[in-house]
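Shown next: work35.txt, given as compact mmCIF, C-alpha atoms.
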```txt
# COMPACT_ATOMS: atom_id res chain seq x y z
CA MET A 625 10.87 -10.07 -8.59
CA LYS A 626 11.38 -6.32 -8.89
CA ARG A 627 11.62 -3.50 -6.37
CA GLN A 628 9.15 -0.63 -6.82
CA VAL A 629 9.90 3.08 -6.59
CA ASN A 630 9.46 5.07 -3.40
CA ALA A 631 7.92 8.52 -3.28
CA ARG A 632 9.26 11.53 -1.45
CA MET A 633 6.57 12.49 1.09
CA CYS A 634 3.98 9.66 1.03
CA PHE A 635 3.15 8.61 4.60
CA VAL A 636 3.54 4.90 3.82
CA CYS A 637 6.45 4.86 1.34
CA GLY A 638 7.95 8.36 1.45
CA LEU A 639 11.68 8.41 1.94
CA GLU A 640 11.79 12.06 3.05
CA ASN A 641 8.73 12.05 5.30
CA PRO A 642 10.07 12.44 8.85
CA ILE A 643 7.01 10.75 10.39
CA GLY A 644 6.39 8.29 7.54
CA LEU A 645 6.85 4.53 7.53
CA GLY A 646 9.32 4.41 4.59
CA LEU A 647 8.14 0.99 3.41
CA VAL A 648 9.77 -0.56 0.34
CA PHE A 649 7.62 -2.72 -1.95
CA GLU A 650 8.54 -5.64 -4.23
CA GLU A 651 6.48 -6.98 -7.11
CA ASP A 652 6.21 -9.87 -9.52
CA GLU A 653 3.74 -10.37 -12.38
CA LYS A 654 0.83 -11.13 -10.06
CA ARG A 655 1.21 -9.30 -6.77
CA VAL A 656 3.08 -6.79 -4.64
CA TRP A 657 4.32 -7.12 -1.05
CA THR A 658 6.33 -5.60 1.75
CA GLU A 659 7.10 -6.25 5.39
CA PHE A 660 6.40 -3.92 8.30
CA THR A 661 6.89 -4.21 12.05
CA PRO A 662 4.66 -1.68 13.82
CA CYS A 663 5.93 -0.15 17.04
CA GLN A 664 4.28 1.43 20.10
CA GLU A 665 3.80 4.78 18.32
CA HIS A 666 1.46 3.03 15.87
CA GLN A 667 -0.99 1.72 18.44
CA GLY A 668 -4.74 2.20 18.80
CA TRP A 669 -5.58 -0.01 21.75
CA PRO A 670 -2.56 -1.03 23.85
CA GLY A 671 -0.54 -3.62 21.94
CA VAL A 672 -2.68 -3.31 18.78
CA LEU A 673 -2.02 -1.46 15.51
CA HIS A 674 -4.40 1.49 15.01
CA GLY A 675 -7.25 0.59 12.64
CA GLY A 676 -6.66 3.71 10.56
CA LEU A 677 -3.08 2.60 9.94
CA VAL A 678 -4.37 -0.84 8.95
CA CYS A 679 -6.50 0.93 6.31
CA ALA A 680 -3.61 3.09 5.12
CA LEU A 681 -1.35 0.04 4.73
CA LEU A 682 -4.00 -1.90 2.83
CA ASP A 683 -4.80 1.04 0.55
CA GLU A 684 -1.10 1.45 -0.29
CA VAL A 685 -0.54 -2.23 -1.08
CA MET A 686 -3.63 -2.28 -3.32
CA ILE A 687 -2.58 0.86 -5.19
CA ARG A 688 0.90 -0.53 -5.68
CA ALA A 689 -0.55 -3.70 -7.21
CA PHE A 690 -1.31 -1.70 -10.37
CA LEU A 691 0.94 1.34 -9.96
CA PHE A 692 3.21 0.44 -12.83
CA ASP A 693 1.62 -2.49 -14.61
CA GLN A 694 2.04 -2.43 -18.36
CA GLU A 695 0.92 1.17 -18.69
CA GLU A 696 1.19 4.24 -16.52
CA ARG A 697 -1.94 4.38 -14.35
CA TRP A 698 -2.88 7.34 -12.20
CA MET A 699 -5.81 6.25 -10.04
CA VAL A 700 -7.49 7.44 -6.85
CA THR A 701 -9.32 5.42 -4.23
CA ALA A 702 -13.08 5.48 -4.84
CA LYS A 703 -14.18 2.73 -2.45
CA MET A 704 -12.44 0.54 0.08
CA GLU A 705 -13.81 -2.25 2.26
CA VAL A 706 -11.80 -3.73 5.15
CA ARG A 707 -12.55 -6.90 7.09
CA TYR A 708 -10.74 -7.41 10.37
CA PHE A 709 -10.24 -11.03 11.43
CA LYS A 710 -7.72 -10.60 14.24
CA SER A 711 -6.09 -7.78 16.12
CA VAL A 712 -2.90 -6.67 14.39
CA PRO A 713 -0.18 -6.83 17.06
CA LEU A 714 2.64 -4.36 17.60
CA GLU A 715 6.32 -5.32 17.68
CA GLN A 716 5.75 -8.33 15.37
CA PRO A 717 6.60 -8.54 11.66
CA LEU A 718 3.68 -8.25 9.26
CA THR A 719 3.55 -9.03 5.57
CA LEU A 720 1.37 -6.85 3.34
CA VAL A 721 0.29 -8.44 0.06
CA GLY A 722 -1.90 -7.07 -2.73
CA GLY A 723 -3.07 -7.84 -6.23
CA VAL A 724 -5.50 -6.82 -8.96
CA THR A 725 -8.81 -8.60 -9.55
CA LYS A 726 -10.17 -6.50 -12.45
CA ARG A 727 -8.61 -3.99 -14.85
CA GLY A 728 -10.46 -1.50 -16.98
CA SER A 729 -9.52 1.71 -18.74
CA ARG A 730 -11.17 3.91 -16.08
CA MET A 731 -11.49 1.55 -13.09
CA ILE A 732 -9.39 -1.06 -11.31
CA GLU A 733 -10.45 -3.43 -8.52
CA ALA A 734 -7.78 -4.73 -6.16
CA TRP A 735 -7.33 -6.80 -3.00
CA GLY A 736 -4.97 -6.53 -0.04
CA GLU A 737 -4.07 -8.55 3.04
CA ILE A 738 -2.14 -8.10 6.23
CA ARG A 739 -0.60 -11.41 7.27
CA LEU A 740 0.83 -12.16 10.68
CA SER A 741 4.17 -13.89 11.19
CA ASP A 742 2.41 -17.29 11.43
CA GLY A 743 0.91 -16.71 7.96
CA SER A 744 -2.66 -16.12 9.17
CA VAL A 745 -4.63 -13.19 7.74
CA ALA A 746 -5.43 -10.43 10.24
CA ALA A 747 -7.19 -8.07 7.80
CA LYS A 748 -8.36 -8.16 4.18
CA SER A 749 -9.46 -5.41 1.88
CA LYS A 750 -11.11 -4.83 -1.47
CA GLY A 751 -10.80 -1.53 -3.27
CA VAL A 752 -12.12 0.26 -6.31
CA TYR A 753 -9.84 2.82 -7.95
CA LEU A 754 -10.87 5.36 -10.59
CA LYS A 755 -8.85 7.32 -13.10
CA ALA A 756 -7.43 10.47 -11.46
CA PRO A 757 -8.59 13.87 -12.71
CA PRO A 758 -6.23 15.47 -15.30
CA GLU A 759 -5.12 18.31 -12.99
CA MET A 760 -4.08 15.79 -10.34
CA VAL A 761 -2.19 13.73 -12.92
CA GLU A 762 -0.14 16.77 -13.95
CA GLU A 763 0.82 17.40 -10.32
CA LEU A 764 1.71 13.74 -9.83
CA LYS A 765 3.88 13.70 -12.93
CA GLU A 766 5.87 16.61 -11.47
CA GLU A 767 6.42 14.64 -8.26
CA VAL A 768 7.67 11.56 -10.14
CA LYS A 769 10.99 13.35 -10.66
CA TYR A 770 11.74 12.68 -6.99
CA TRP A 771 10.74 9.02 -6.91
CA ARG A 772 13.49 6.43 -6.73
CA VAL A 773 14.15 2.76 -6.17
CA VAL A 774 15.81 1.96 -2.87
CA PRO A 775 18.77 -0.39 -3.48
CA SER A 776 18.52 -3.88 -2.01
```

Take the structure I supplied and represent it as structure tokens, if you would.
Amino acid sequence: MKRQVNARMCFVCGLENPIGLGLVFEEDEKRVWTEFTPCQEHQGWPGVLHGGLVCALLDEVMIRAFLFDQEERWMVTAKMEVRYFKSVPLEQPLTLVGGVTKRGSRMIEAWGEIRLSDGSVAAKSKGVYLKAPPEMVEELKEEVKYWRVVPS
């Protein structure tokens, strides 16, 4: 098990984003995960996590599933499908889990889940990620200077 790096201003993992979630991700050889307890400020319907935040969380966990596998990969989301099975409640711990289903030189397919505290799956996603354009990669490489691993 290994802790992944956190970015500076990313909404989901940014450590310096004043309105961000600041989530810290762990990985092993097959998957990545984190825990998150949404609060009232994250609601859509009363008592329920906003669907857009569900998508953001799933996108992040899928991207992190291949972020630093054996080679440096700079990818952007090309397609994402989300299936909602249950409402995602506020004020209860959630586990986000993601992994890779297919790797290619220009495309990666990944999966993500949001699991409730009882282990049931509230939402699942599938995503397709394409190689980022060169100008974006150069900008990202500049930002990497500010990324760091949060100590346990």

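Each of A:Trp657, A:Ala747, A:Pro642, A:Met731 was compared to Leu677 of chain A using only C-alpha atoms, and A:Ala747 turns out to be the nearest.
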
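Note that the spacing between atom CA of Val724 of chain A and atom CA of Gly743 of chain A amounts to 20.6 Å.
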
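Nearest residue to Tyr753 of chain A among A:Ser776, A:Gln716, A:Thr658, A:Ser729 is A:Ser729, counting all atoms listed in the file.
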
Show which residues sit within 10 Å of Lys726 of chain A, as a list in words. Count only C-alpha atoms, and ignore same-chain residues fewer than 5 positions away. Met731, Ile732, Glu733, Ala734, Trp735 and Val752 of chain A

Could you tell me how far atom CA of Met704 of chain A lies from atom CA of Lys769 of chain A, in Å and to one decimal?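 Here the two named atoms are 28.8 Å from each other.
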
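Ranking A:Cys637, A:Val706, A:Leu720, A:Ile643 by their shortest atom-to-atom distance to Gly675 of chain A, with only C-alpha atoms included, puts A:Val706 first.
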
Name the residues in contact with segment 687-690 of chain A at a cut-off of 6 Å, using all atoms listed in the file, excluding same-chain residues fewer than 4 positions from it; report them as a list in words.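 Those residues are Arg655, Val656, Gly722 and Gly723 of chain A.
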
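When only C-alpha atoms are used to compute distances to Phe649 of chain A, the closest of the residues A:Val678, A:Leu673, A:Val774, A:Ala746 turns out to be A:Val774.
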
Quick one, how far is atom CA of His674 of chain A from atom CA of Arg772 of chain A?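 Atom CA of His674 of chain A sits 28.6 Å away from atom CA of Arg772 of chain A.
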
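Considering all atoms listed in the file, the residue among A:Pro758, A:Gly736, A:Gly676, A:Pro662 positioned nearest to Pro713 of chain A is A:Pro662.
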
Please provide as a PDB file with C-alpha atoms, in the frame of the given file all residues within 10 Å of Met633 of chain A, with the sequence filter that same-chain residues fewer than 2 positions apart are discarded (counting all atoms listed in the file).
```pdb
ATOM      1  CA  ASN A 630       9.460   5.070  -3.400  1.00  0.00           C
ATOM      2  CA  ALA A 631       7.920   8.520  -3.280  1.00  0.00           C
ATOM      3  CA  PHE A 635       3.150   8.610   4.600  1.00  0.00           C
ATOM      4  CA  VAL A 636       3.540   4.900   3.820  1.00  0.00           C
ATOM      5  CA  CYS A 637       6.450   4.860   1.340  1.00  0.00           C
ATOM      6  CA  GLY A 638       7.950   8.360   1.450  1.00  0.00           C
ATOM      7  CA  LEU A 639      11.680   8.410   1.940  1.00  0.00           C
ATOM      8  CA  GLU A 640      11.790  12.060   3.050  1.00  0.00           C
ATOM      9  CA  ASN A 641       8.730  12.050   5.300  1.00  0.00           C
ATOM     10  CA  PRO A 642      10.070  12.440   8.850  1.00  0.00           C
ATOM     11  CA  ILE A 643       7.010  10.750  10.390  1.00  0.00           C
ATOM     12  CA  GLY A 644       6.390   8.290   7.540  1.00  0.00           C
ATOM     13  CA  GLY A 646       9.320   4.410   4.590  1.00  0.00           C
ATOM     14  CA  GLU A 767       6.420  14.640  -8.260  1.00  0.00           C
ATOM     15  CA  TYR A 770      11.740  12.680  -6.990  1.00  0.00           C
ATOM     16  CA  TRP A 771      10.740   9.020  -6.910  1.00  0.00           C
TER      17      TRP A 771
END
```

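Neighbouring residues of Val761 of chain A at 12 Å or closer, counting all atoms listed in the file and skipping chain neighbours under 6 positions away, are Glu696, Arg697, Trp698, Met699, Val700, Lys755, Glu767 and Val768 of chain A.
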
Nearest to Glu659 of chain A: which of A:Glu737, A:Glu759, A:Glu766, A:Glu705 is it, counting only C-alpha atoms?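 Of the candidates, the smallest distance to Glu659 of chain A is held by A:Glu737.
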
Might I get the box with edges along x, y and z of the file that holds all atoms of segment 666-685 of chain A listed there, padded by 5 Å on every side, given as centre and edge lengths in Å to one decimal, as JSON?
```
{"center_x": -2.9, "center_y": 0.0, "center_z": 11.4, "size_x": 18.7, "size_y": 17.3, "size_z": 34.9}
```
